[in-house]
There are 2 protein chains.
Amino acid sequence: MRKLIVATLALAATLATASALAEETYNLRLAETWGPNSPILGDTTKHMAEMAETMSGGRLKIRIDSSNKHKAPFGIFDLVRNGQYDMGHTASYYYKGSIPNAMYFTTTPFGMIAPEQYAWFYHGGGMELAQKVYQPFGLLSFPGGNTGNQMGGWFREEITSLDDLKGIKMRTPGFAGEVMSELGVAVTNIPPGELYSALERGTIDALEWVGPALDLQMGFHQIAKYYYSGWQEPGAETQFLINEKTWNKLPEDLQEILRVAMRTAAYDMYIQSTHESGVAWSRMQQDYPDVTHKIFPPEVISALRDVTERLLKEASDADPLAKEIITSQHEYLKQVRQWTNISDKAYLNSVVNE
Amino acid sequence: MRKLIVATLALAATLATASALAEETYNLRLAETWGPNSPILGDTTKHMAEMAETMSGGRLKIRIDSSNKHKAPFGIFDLVRNGQYDMGHTASYYYKGSIPNAMYFTTTPFGMIAPEQYAWFYHGGGMELAQKVYQPFGLLSFPGGNTGNQMGGWFREEITSLDDLKGIKMRTPGFAGEVMSELGVAVTNIPPGELYSALERGTIDALEWVGPALDLQMGFHQIAKYYYSGWQEPGAETQFLINEKTWNKLPEDLQEILRVAMRTAAYDMYIQSTHESGVAWSRMQQDYPDVTHKIFPPEVISALRDVTERLLKEASDADPLAKEIITSQHEYLKQVRQWTNISDKAYLNSVVNE
């Protein structure tokens, strides 16, 4: 009898341990740059967390804090690096002030479009280069969702030459702003909440935001007539950051669940952006029929490109890792673009009536 | 003492049951159209199965049988429908003979490119329409990976007019073949293994296969000089099929693991195709510098398009569900293409020197 009790207790203990291990719940906290209920961007983090929780049978729970909670929309990198949060969702060019090389993992002016860039990340060495940048900080970085090709911006007056750019006041941050200012644009920084009235009152003549899906709610199409195609962010990829310590404490199955949930959420954001951009652009044109799509004249594109290449060369010369990243992107683009040209580009150009 | 034993035994039994349930292994069998170790296509099923197994901690195992095993490369639909296999990986236009409406879920001539089509599947009603087609057969259908925009084919002589098409012998199966034959092309069907020698000996003057990534190993570029951009399969999506009975017996977490593994594998195939196409096209041009990219002249495109539209109208008129699918795709394309035009198309056209 004693033997039976001991054996039974031992069995129960073993099963309890196995079960406890299998059932252990991991509660992660994620800080995102975006405000609460931010369309597309906020959808992406929620979607990722839901997939992870369902796939793990509730063992992996991710609580999302929006910027109203953590108050540091552009400080996600630090929040995750310091371990205040396990994860973050942001865009790497938001903190190019502290880590200049992070910028290239969002997008590069005159660089790759979304599918080309995913190919670079997953087959062309992009992920490995990202790890070179993030490993020293104890972080892992994963693509976090693409906005698609961003628009060049809303202009109150048409741009027919380089001269037309000189002296106009434009809100365009970051690298694009540096390039524009070299062409004589008076680049200004205005908080998002004041952009509409600044454009309306003529404090600025032009501004660049994202694309139809996110521009629609900002209402710029109600004021400015000319909507220019872009050059500055051909495939802006947001980013999931994870603290390595958090990653390492997850069992293998939950690591894979998290990795795949992020990967799918990222792709899904690109597709959602494609959809919502189509819907929003159609709506803008319907509600404001005088809104016109424009492309910058070749001399403007060519000048923007020359400055971009000069700035990239300066960055390359100043830092070996920057050089490695820029060269890798440049070489990869050269190859993959030849394919894009004979496939989607040739096709889109041949169906002229659409 | 008796009480303790009973309680202990009860606890052990409860834990054993919970543990057994949590640990139950589901062994699914998948039949794929492709032969063993088929590049890109076969990579996709393996990749999907590996993600599912790792995410489930080994509870969901998918055994893949290639066509050498099940001997029915174009009979995947029946194998899964009859329950001989739990899952399949194929392309829905392979069985358009028995289910004509399945065809539109692969691609439609002059239709959407890959990201547009994913947007239609996931946000434009495409998945719901697919279920209308597959539900009567007790099947679930999911996107299975995109080849990207397929090429129009390899031609030994240049096509400079509609007249040049008349009388040439070409291998191009399915809907594209029907369209081509209306333009006077002598459409022939030749088994894949004999295509190279048929082209070499002049039994055929032209053929259409997939795109650089899968054409390279076939060697057609060693014979034919002119590589034409396509119109017939702007975003060919393969397909995962699952028997509903298999799906329903899976617990919720494994259903989600399987759904997300398929979704990621599909996107990943599109990106892998993008990468490998870039690599292969570069290689072809390097090894055979006289290989030239061509686009069909506008009068050819226009004639191909007229016939395509007539055939689609005939299919619409003949079947209400066909009409619903074709109309949905047509309406969706009209909207999303406007976005593609002002984003990627405008951008790709503005960077002329690439």
# chains A, B, ... in the order shown; residues from 1 in each chain; ligands from 1

$ interface_residues --of "chain B" --to "chain A" --cutoff "6 Å" --atoms "only C-alpha atoms" --output "PDB file with N, CA, C and O atoms, in the first residue's frame"
ATOM      1  N   ALA B  12      -4.093  12.639  -9.862  1.00  0.00           N
ATOM      2  CA  ALA B  12      -3.222  12.085 -10.904  1.00  0.00           C
ATOM      3  C   ALA B  12      -4.004  11.885 -12.202  1.00  0.00           C
ATOM      4  O   ALA B  12      -3.525  12.213 -13.286  1.00  0.00           O
ATOM      5  N   THR B  54       7.019  23.407 -35.033  1.00  0.00           N
ATOM      6  CA  THR B  54       7.753  24.101 -33.966  1.00  0.00           C
ATOM      7  C   THR B  54       6.805  24.920 -33.087  1.00  0.00           C
ATOM      8  O   THR B  54       6.915  24.909 -31.860  1.00  0.00           O
ATOM      9  N   MET B  55       5.865  25.626 -33.713  1.00  0.00           N
ATOM     10  CA  MET B  55       4.942  26.450 -32.923  1.00  0.00           C
ATOM     11  C   MET B  55       4.070  25.609 -32.008  1.00  0.00           C
ATOM     12  O   MET B  55       3.659  26.057 -30.942  1.00  0.00           O
ATOM     13  N   GLY B  57       4.950  22.859 -30.569  1.00  0.00           N
ATOM     14  CA  GLY B  57       5.765  22.015 -29.698  1.00  0.00           C
ATOM     15  C   GLY B  57       5.676  20.545 -30.093  1.00  0.00           C
ATOM     16  O   GLY B  57       5.691  19.658 -29.236  1.00  0.00           O
ATOM     17  N   ALA B 119      -4.717  41.907 -51.045  1.00  0.00           N
ATOM     18  CA  ALA B 119      -5.652  42.864 -50.453  1.00  0.00           C
ATOM     19  C   ALA B 119      -7.091  42.456 -50.787  1.00  0.00           C
ATOM     20  O   ALA B 119      -7.987  42.555 -49.945  1.00  0.00           O
ATOM     21  N   ASN B 149       4.516  38.157 -60.728  1.00  0.00           N
ATOM     22  CA  ASN B 149       4.040  38.369 -62.092  1.00  0.00           C
ATOM     23  C   ASN B 149       4.759  37.407 -63.046  1.00  0.00           C
ATOM     24  O   ASN B 149       5.981  37.416 -63.132  1.00  0.00           O
ATOM     25  N   SER B 229       7.489  40.185 -71.365  1.00  0.00           N
ATOM     26  CA  SER B 229       6.713  40.426 -70.149  1.00  0.00           C
ATOM     27  C   SER B 229       5.300  39.880 -70.338  1.00  0.00           C
ATOM     28  O   SER B 229       4.817  39.749 -71.458  1.00  0.00           O
ATOM     29  N   ASP B 253      -6.206  26.260 -30.732  1.00  0.00           N
ATOM     30  CA  ASP B 253      -4.828  26.765 -30.846  1.00  0.00           C
ATOM     31  C   ASP B 253      -4.126  26.193 -32.079  1.00  0.00           C
ATOM     32  O   ASP B 253      -3.406  26.900 -32.783  1.00  0.00           O
ATOM     33  N   GLU B 256      -5.339  27.831 -35.282  1.00  0.00           N
ATOM     34  CA  GLU B 256      -4.718  29.139 -35.493  1.00  0.00           C
ATOM     35  C   GLU B 256      -3.250  28.977 -35.910  1.00  0.00           C
ATOM     36  O   GLU B 256      -2.758  29.691 -36.780  1.00  0.00           O
ATOM     37  N   ILE B 257      -2.569  28.025 -35.302  1.00  0.00           N
ATOM     38  CA  ILE B 257      -1.174  27.746 -35.697  1.00  0.00           C
ATOM     39  C   ILE B 257      -1.120  27.360 -37.175  1.00  0.00           C
ATOM     40  O   ILE B 257      -0.279  27.850 -37.935  1.00  0.00           O
ATOM     41  N   THR B 264       1.768  32.821 -43.464  1.00  0.00           N
ATOM     42  CA  THR B 264       3.157  33.280 -43.537  1.00  0.00           C
ATOM     43  C   THR B 264       3.905  32.591 -44.670  1.00  0.00           C
ATOM     44  O   THR B 264       4.666  33.228 -45.405  1.00  0.00           O
ATOM     45  N   ILE B 271       7.848  36.443 -51.520  1.00  0.00           N
ATOM     46  CA  ILE B 271       9.111  37.159 -51.313  1.00  0.00           C
ATOM     47  C   ILE B 271      10.291  36.315 -51.813  1.00  0.00           C
ATOM     48  O   ILE B 271      11.230  36.840 -52.428  1.00  0.00           O
ATOM     49  N   HIS B 275      12.967  37.312 -54.764  1.00  0.00           N
ATOM     50  CA  HIS B 275      14.420  37.193 -54.639  1.00  0.00           C
ATOM     51  C   HIS B 275      15.020  36.311 -55.730  1.00  0.00           C
ATOM     52  O   HIS B 275      15.932  36.729 -56.455  1.00  0.00           O
ATOM     53  N   GLY B 278      15.076  37.733 -59.221  1.00  0.00           N
ATOM     54  CA  GLY B 278      16.147  38.710 -59.419  1.00  0.00           C
ATOM     55  C   GLY B 278      17.482  38.027 -59.686  1.00  0.00           C
ATOM     56  O   GLY B 278      18.208  38.373 -60.621  1.00  0.00           O
ATOM     57  N   GLN B 335     -10.332  50.048 -58.129  1.00  0.00           N
ATOM     58  CA  GLN B 335     -10.004  50.933 -57.015  1.00  0.00           C
ATOM     59  C   GLN B 335      -8.522  50.827 -56.624  1.00  0.00           C
ATOM     60  O   GLN B 335      -7.821  51.830 -56.542  1.00  0.00           O
ATOM     61  N   VAL B 336      -8.065  49.615 -56.382  1.00  0.00           N
ATOM     62  CA  VAL B 336      -6.714  49.456 -55.835  1.00  0.00           C
ATOM     63  C   VAL B 336      -5.645  49.860 -56.856  1.00  0.00           C
ATOM     64  O   VAL B 336      -4.580  50.357 -56.495  1.00  0.00           O
ATOM     65  N   TRP B 339      -4.375  53.341 -56.737  1.00  0.00           N
ATOM     66  CA  TRP B 339      -3.348  53.521 -55.706  1.00  0.00           C
ATOM     67  C   TRP B 339      -1.985  53.021 -56.200  1.00  0.00           C
ATOM     68  O   TRP B 339      -0.968  53.710 -56.067  1.00  0.00           O
ATOM     69  N   ILE B 342      -0.348  55.596 -58.494  1.00  0.00           N
ATOM     70  CA  ILE B 342       0.280  56.823 -57.960  1.00  0.00           C
ATOM     71  C   ILE B 342       1.414  56.497 -56.982  1.00  0.00           C
ATOM     72  O   ILE B 342       2.138  57.380 -56.561  1.00  0.00           O
ATOM     73  N   SER B 343       1.545  55.225 -56.619  1.00  0.00           N
ATOM     74  CA  SER B 343       2.627  54.860 -55.685  1.00  0.00           C
ATOM     75  C   SER B 343       3.728  54.116 -56.438  1.00  0.00           C
ATOM     76  O   SER B 343       4.578  54.748 -57.060  1.00  0.00           O
TER      77      SER B 343
END

$ residues_around --residues "Gln84 in chain B" --least-positions-apart "3" --cutoff "10 Å" --atoms "only C-alpha atoms" --output "VMD selection string"
chain B and resid 29 to 31 70 76 78 to 81 87 243

$ residues_around --residues "Asp205 in chain B" --least-positions-apart "5" --cutoff "9 Å" --atoms "only C-alpha atoms" --output "mmCIF file with all heavy atoms, in the first residue's frame"
data_model
loop_
_atom_site.group_PDB
_atom_site.id
_atom_site.type_symbol
_atom_site.label_atom_id
_atom_site.label_comp_id
_atom_site.auth_asym_id
_atom_site.auth_seq_id
_atom_site.Cartn_x
_atom_site.Cartn_y
_atom_site.Cartn_z
ATOM 1 N N TRP B 154 9.005 32.741 -73.734
ATOM 2 C CA TRP B 154 10.219 32.749 -74.542
ATOM 3 C C TRP B 154 9.843 32.608 -76.010
ATOM 4 O O TRP B 154 9.129 31.680 -76.386
ATOM 5 C CB TRP B 154 11.127 31.590 -74.134
ATOM 6 C CG TRP B 154 11.664 31.724 -72.740
ATOM 7 C CD1 TRP B 154 11.164 31.155 -71.608
ATOM 8 C CD2 TRP B 154 12.806 32.486 -72.345
ATOM 9 N NE1 TRP B 154 11.926 31.525 -70.524
ATOM 10 C CE2 TRP B 154 12.942 32.333 -70.942
ATOM 11 C CE3 TRP B 154 13.738 33.287 -73.024
ATOM 12 C CZ2 TRP B 154 13.960 32.947 -70.209
ATOM 13 C CZ3 TRP B 154 14.755 33.895 -72.289
ATOM 14 C CH2 TRP B 154 14.861 33.724 -70.902
ATOM 15 N N PHE B 155 10.333 33.508 -76.846
ATOM 16 C CA PHE B 155 10.033 33.484 -78.284
ATOM 17 C C PHE B 155 11.338 33.426 -79.067
ATOM 18 O O PHE B 155 12.280 34.169 -78.777
ATOM 19 C CB PHE B 155 9.238 34.744 -78.683
ATOM 20 C CG PHE B 155 7.814 34.728 -78.183
ATOM 21 C CD1 PHE B 155 7.531 34.915 -76.838
ATOM 22 C CD2 PHE B 155 6.751 34.522 -79.064
ATOM 23 C CE1 PHE B 155 6.220 34.896 -76.359
ATOM 24 C CE2 PHE B 155 5.432 34.499 -78.605
ATOM 25 C CZ PHE B 155 5.172 34.684 -77.253
ATOM 26 N N ARG B 156 11.368 32.577 -80.087
ATOM 27 C CA ARG B 156 12.577 32.493 -80.917
ATOM 28 C C ARG B 156 12.676 33.677 -81.859
ATOM 29 O O ARG B 156 13.775 34.058 -82.263
ATOM 30 C CB ARG B 156 12.597 31.172 -81.701
ATOM 31 C CG ARG B 156 12.659 29.970 -80.739
ATOM 32 C CD ARG B 156 12.973 28.686 -81.469
ATOM 33 N NE ARG B 156 14.267 28.782 -82.118
ATOM 34 C CZ ARG B 156 15.042 27.742 -82.411
ATOM 35 N NH1 ARG B 156 14.645 26.522 -82.109
ATOM 36 N NH2 ARG B 156 16.195 27.902 -83.017
ATOM 37 N N GLU B 157 11.508 34.210 -82.262
ATOM 38 C CA GLU B 157 11.515 35.394 -83.136
ATOM 39 C C GLU B 157 10.795 36.533 -82.427
ATOM 40 O O GLU B 157 9.890 36.299 -81.624
ATOM 41 C CB GLU B 157 10.799 35.092 -84.464
ATOM 42 C CG GLU B 157 11.365 33.921 -85.256
ATOM 43 C CD GLU B 157 12.778 34.187 -85.782
ATOM 44 O OE1 GLU B 157 13.131 35.368 -85.971
ATOM 45 O OE2 GLU B 157 13.537 33.205 -85.983
ATOM 46 N N ILE B 168 2.262 30.876 -85.396
ATOM 47 C CA ILE B 168 3.389 30.344 -84.625
ATOM 48 C C ILE B 168 2.887 29.268 -83.670
ATOM 49 O O ILE B 168 1.742 29.293 -83.217
ATOM 50 C CB ILE B 168 4.175 31.429 -83.825
ATOM 51 C CG1 ILE B 168 3.337 32.005 -82.679
ATOM 52 C CG2 ILE B 168 4.716 32.512 -84.732
ATOM 53 C CD1 ILE B 168 4.190 32.747 -81.671
ATOM 54 N N LYS B 169 3.758 28.311 -83.405
ATOM 55 C CA LYS B 169 3.398 27.208 -82.512
ATOM 56 C C LYS B 169 3.905 27.533 -81.103
ATOM 57 O O LYS B 169 5.089 27.777 -80.903
ATOM 58 C CB LYS B 169 4.010 25.905 -83.019
ATOM 59 C CG LYS B 169 3.267 25.307 -84.213
ATOM 60 C CD LYS B 169 4.124 24.301 -84.956
ATOM 61 C CE LYS B 169 5.231 25.005 -85.738
ATOM 62 N NZ LYS B 169 6.230 24.147 -86.352
ATOM 63 N N MET B 170 2.988 27.541 -80.153
ATOM 64 C CA MET B 170 3.366 27.945 -78.791
ATOM 65 C C MET B 170 2.751 27.018 -77.758
ATOM 66 O O MET B 170 1.589 26.629 -77.854
ATOM 67 C CB MET B 170 2.891 29.379 -78.530
ATOM 68 C CG MET B 170 3.236 29.891 -77.132
ATOM 69 S SD MET B 170 2.871 31.663 -76.919
ATOM 70 C CE MET B 170 3.554 31.936 -75.269
ATOM 71 N N ARG B 171 3.538 26.718 -76.739
ATOM 72 C CA ARG B 171 3.015 25.989 -75.598
ATOM 73 C C ARG B 171 2.598 27.022 -74.558
ATOM 74 O O ARG B 171 3.423 27.766 -74.019
ATOM 75 C CB ARG B 171 4.099 25.071 -75.021
ATOM 76 C CG ARG B 171 3.651 24.222 -73.843
ATOM 77 C CD ARG B 171 3.909 24.892 -72.514
ATOM 78 N NE ARG B 171 3.440 24.065 -71.400
ATOM 79 C CZ ARG B 171 3.359 24.494 -70.150
ATOM 80 N NH1 ARG B 171 3.709 25.710 -69.829
ATOM 81 N NH2 ARG B 171 2.922 23.690 -69.202
ATOM 82 N N ALA B 198 11.752 20.389 -77.693
ATOM 83 C CA ALA B 198 10.738 20.865 -78.651
ATOM 84 C C ALA B 198 11.077 22.281 -79.122
ATOM 85 O O ALA B 198 10.950 22.612 -80.303
ATOM 86 C CB ALA B 198 9.355 20.835 -78.008
ATOM 87 N N LEU B 199 11.538 23.098 -78.197
ATOM 88 C CA LEU B 199 11.908 24.474 -78.544
ATOM 89 C C LEU B 199 13.195 24.471 -79.377
ATOM 90 O O LEU B 199 13.331 25.205 -80.359
ATOM 91 C CB LEU B 199 12.101 25.305 -77.263
ATOM 92 C CG LEU B 199 12.315 26.812 -77.431
ATOM 93 C CD1 LEU B 199 11.084 27.494 -78.019
ATOM 94 C CD2 LEU B 199 12.661 27.473 -76.087
ATOM 95 N N GLU B 200 14.107 23.611 -79.006
ATOM 96 C CA GLU B 200 15.397 23.539 -79.696
ATOM 97 C C GLU B 200 15.231 23.072 -81.146
ATOM 98 O O GLU B 200 15.831 23.617 -82.068
ATOM 99 C CB GLU B 200 16.321 22.572 -78.950
ATOM 100 C CG GLU B 200 17.780 22.670 -79.373
ATOM 101 C CD GLU B 200 18.661 21.726 -78.566
ATOM 102 O OE1 GLU B 200 18.147 20.662 -78.136
ATOM 103 O OE2 GLU B 200 19.836 22.059 -78.356
ATOM 104 N N ALA B 224 16.023 30.404 -76.886
ATOM 105 C CA ALA B 224 15.217 31.531 -77.370
ATOM 106 C C ALA B 224 15.819 32.836 -76.860
ATOM 107 O O ALA B 224 16.293 32.914 -75.729
ATOM 108 C CB ALA B 224 13.779 31.386 -76.910
#

$ atom_distance --atom1 "CA of Gly35 in chain A" --atom2 "CA of Asn146 in chain A"
17.9 Å

$ closest_residue --among "A:Glu244, A:Glu182, A:Asp215, A:Glu299" --to "Ser141 in chain A" --atoms "only C-alpha atoms"
A:Glu244

$ select_by_dssp --residues "range 284-320 of chain B" --states "helix (DSSP H, G or I)" --output "number ranges by chain"
B: 284-287, 298-318, 320

$ write_last_selection --atoms "N, CA and C atoms" --output "PDB file, in the first residue's frame"
ATOM      1  N   MET B 284      20.877  34.750 -66.085  1.00  0.00           N
ATOM      2  CA  MET B 284      20.573  34.501 -67.503  1.00  0.00           C
ATOM      3  C   MET B 284      21.259  35.525 -68.399  1.00  0.00           C
ATOM      4  N   GLN B 285      21.160  36.791 -67.980  1.00  0.00           N
ATOM      5  CA  GLN B 285      21.731  37.866 -68.802  1.00  0.00           C
ATOM      6  C   GLN B 285      23.248  37.803 -68.841  1.00  0.00           C
ATOM      7  N   GLN B 286      23.813  37.363 -67.715  1.00  0.00           N
ATOM      8  CA  GLN B 286      25.271  37.253 -67.637  1.00  0.00           C
ATOM      9  C   GLN B 286      25.771  36.116 -68.525  1.00  0.00           C
ATOM     10  N   ASP B 287      25.101  34.965 -68.422  1.00  0.00           N
ATOM     11  CA  ASP B 287      25.555  33.777 -69.158  1.00  0.00           C
ATOM     12  C   ASP B 287      25.195  33.843 -70.642  1.00  0.00           C
ATOM     13  N   PRO B 298       1.641  47.406 -78.352  1.00  0.00           N
ATOM     14  CA  PRO B 298       0.302  47.776 -77.872  1.00  0.00           C
ATOM     15  C   PRO B 298      -0.836  47.076 -78.616  1.00  0.00           C
ATOM     16  N   GLU B 299      -0.688  46.870 -79.934  1.00  0.00           N
ATOM     17  CA  GLU B 299      -1.817  46.235 -80.640  1.00  0.00           C
ATOM     18  C   GLU B 299      -1.994  44.777 -80.216  1.00  0.00           C
ATOM     19  N   VAL B 300      -0.904  44.118 -79.839  1.00  0.00           N
ATOM     20  CA  VAL B 300      -1.011  42.743 -79.352  1.00  0.00           C
ATOM     21  C   VAL B 300      -1.675  42.731 -77.970  1.00  0.00           C
ATOM     22  N   ILE B 301      -1.183  43.600 -77.082  1.00  0.00           N
ATOM     23  CA  ILE B 301      -1.767  43.696 -75.736  1.00  0.00           C
ATOM     24  C   ILE B 301      -3.265  43.977 -75.837  1.00  0.00           C
ATOM     25  N   SER B 302      -3.592  44.912 -76.705  1.00  0.00           N
ATOM     26  CA  SER B 302      -4.981  45.311 -76.837  1.00  0.00           C
ATOM     27  C   SER B 302      -5.855  44.170 -77.352  1.00  0.00           C
ATOM     28  N   ALA B 303      -5.341  43.391 -78.305  1.00  0.00           N
ATOM     29  CA  ALA B 303      -6.091  42.245 -78.831  1.00  0.00           C
ATOM     30  C   ALA B 303      -6.227  41.144 -77.777  1.00  0.00           C
ATOM     31  N   LEU B 304      -5.145  40.885 -77.047  1.00  0.00           N
ATOM     32  CA  LEU B 304      -5.195  39.879 -75.984  1.00  0.00           C
ATOM     33  C   LEU B 304      -6.243  40.265 -74.944  1.00  0.00           C
ATOM     34  N   ARG B 305      -6.291  41.545 -74.685  1.00  0.00           N
ATOM     35  CA  ARG B 305      -7.205  42.050 -73.675  1.00  0.00           C
ATOM     36  C   ARG B 305      -8.672  41.957 -74.123  1.00  0.00           C
ATOM     37  N   ASP B 306      -8.904  42.277 -75.385  1.00  0.00           N
ATOM     38  CA  ASP B 306     -10.268  42.182 -75.901  1.00  0.00           C
ATOM     39  C   ASP B 306     -10.796  40.754 -75.800  1.00  0.00           C
ATOM     40  N   VAL B 307      -9.962  39.813 -76.213  1.00  0.00           N
ATOM     41  CA  VAL B 307     -10.392  38.408 -76.144  1.00  0.00           C
ATOM     42  C   VAL B 307     -10.606  37.992 -74.684  1.00  0.00           C
ATOM     43  N   THR B 308      -9.665  38.374 -73.815  1.00  0.00           N
ATOM     44  CA  THR B 308      -9.806  38.049 -72.389  1.00  0.00           C
ATOM     45  C   THR B 308     -11.132  38.559 -71.856  1.00  0.00           C
ATOM     46  N   GLU B 309     -11.446  39.802 -72.181  1.00  0.00           N
ATOM     47  CA  GLU B 309     -12.686  40.381 -71.644  1.00  0.00           C
ATOM     48  C   GLU B 309     -13.925  39.679 -72.197  1.00  0.00           C
ATOM     49  N   ARG B 310     -13.854  39.282 -73.459  1.00  0.00           N
ATOM     50  CA  ARG B 310     -14.990  38.561 -74.038  1.00  0.00           C
ATOM     51  C   ARG B 310     -15.170  37.205 -73.357  1.00  0.00           C
ATOM     52  N   LEU B 311     -14.068  36.484 -73.138  1.00  0.00           N
ATOM     53  CA  LEU B 311     -14.174  35.171 -72.492  1.00  0.00           C
ATOM     54  C   LEU B 311     -14.680  35.306 -71.051  1.00  0.00           C
ATOM     55  N   LEU B 312     -14.218  36.355 -70.355  1.00  0.00           N
ATOM     56  CA  LEU B 312     -14.685  36.559 -68.978  1.00  0.00           C
ATOM     57  C   LEU B 312     -16.176  36.904 -68.967  1.00  0.00           C
ATOM     58  N   LYS B 313     -16.597  37.668 -69.962  1.00  0.00           N
ATOM     59  CA  LYS B 313     -18.019  38.020 -70.042  1.00  0.00           C
ATOM     60  C   LYS B 313     -18.860  36.772 -70.308  1.00  0.00           C
ATOM     61  N   GLU B 314     -18.358  35.908 -71.186  1.00  0.00           N
ATOM     62  CA  GLU B 314     -19.077  34.658 -71.455  1.00  0.00           C
ATOM     63  C   GLU B 314     -19.202  33.801 -70.192  1.00  0.00           C
ATOM     64  N   ALA B 315     -18.110  33.728 -69.437  1.00  0.00           N
ATOM     65  CA  ALA B 315     -18.135  32.958 -68.185  1.00  0.00           C
ATOM     66  C   ALA B 315     -19.111  33.582 -67.188  1.00  0.00           C
ATOM     67  N   SER B 316     -19.120  34.912 -67.125  1.00  0.00           N
ATOM     68  CA  SER B 316     -20.050  35.642 -66.246  1.00  0.00           C
ATOM     69  C   SER B 316     -21.490  35.351 -66.602  1.00  0.00           C
ATOM     70  N   ASP B 317     -21.775  35.403 -67.878  1.00  0.00           N
ATOM     71  CA  ASP B 317     -23.149  35.213 -68.336  1.00  0.00           C
ATOM     72  C   ASP B 317     -23.634  33.789 -68.083  1.00  0.00           C
ATOM     73  N   ALA B 318     -22.691  32.852 -68.072  1.00  0.00           N
ATOM     74  CA  ALA B 318     -23.075  31.442 -67.981  1.00  0.00           C
ATOM     75  C   ALA B 318     -23.319  30.983 -66.545  1.00  0.00           C
ATOM     76  N   PRO B 320     -23.903  32.426 -62.318  1.00  0.00           N
ATOM     77  CA  PRO B 320     -24.030  33.568 -61.397  1.00  0.00           C
ATOM     78  C   PRO B 320     -22.836  33.712 -60.442  1.00  0.00           C
TER      79      PRO B 320
END

$ closest_residue --among "A:Asp290, A:Asn248, A:Glu237, A:Asp43" --to "Thr106 in chain A" --atoms "only C-alpha atoms"
A:Glu237

$ residues_around --residues "Arg63 in chain A" --least-positions-apart "4" --cutoff "12 Å" --atoms "only C-alpha atoms" --output "list of chain:residue names"
A:Tyr26, A:Asn27, A:Leu28, A:Arg29, A:Leu30, A:Ala31, A:Glu32, A:Thr45, A:Lys46, A:His47, A:Met48, A:Ala49, A:Glu50, A:Ala52, A:Glu53, A:Lys69, A:Tyr85, A:Asp86, A:Met87, A:Gly88

$ atom_distance --atom1 "CA of Lys132 in chain B" --atom2 "CA of Phe74 in chain B"
21.8 Å

$ closest_residue --among "B:Tyr196, B:Ile64, B:Ser38, B:Leu165" --to "Ser181 in chain B" --atoms "only C-alpha atoms"
B:Leu165

$ closest_residue --among "B:Pro100, B:Gly138, B:Pro143, B:Pro109" --to "Met180 in chain B" --atoms "only C-alpha atoms"
B:Pro109

$ atom_distance --atom1 "CA of Met103 in chain B" --atom2 "CA of Trp209 in chain B"
17.4 Å

$ closest_residue --among "A:Gln222, A:Thr107, A:Thr292, A:Asn101" --to "Gly145 in chain A" --atoms "only C-alpha atoms"
A:Thr107

$ select_by_dssp --residues "range 44-224 of chain A" --states "strand (DSSP E)" --output "list in words"
Leu60, Lys61, Ile62, Arg63, Ile64, Asp65, Met87, Gly88, His89, Thr90, Leu139, Leu140, Ser141, Phe142, Pro143, Gly144, Gly145, Asn146, Gly153, Trp154, Phe155, Lys169, Met170, Arg171, Ala186, Val187, Thr188, Ala206 and Leu207 of chain A
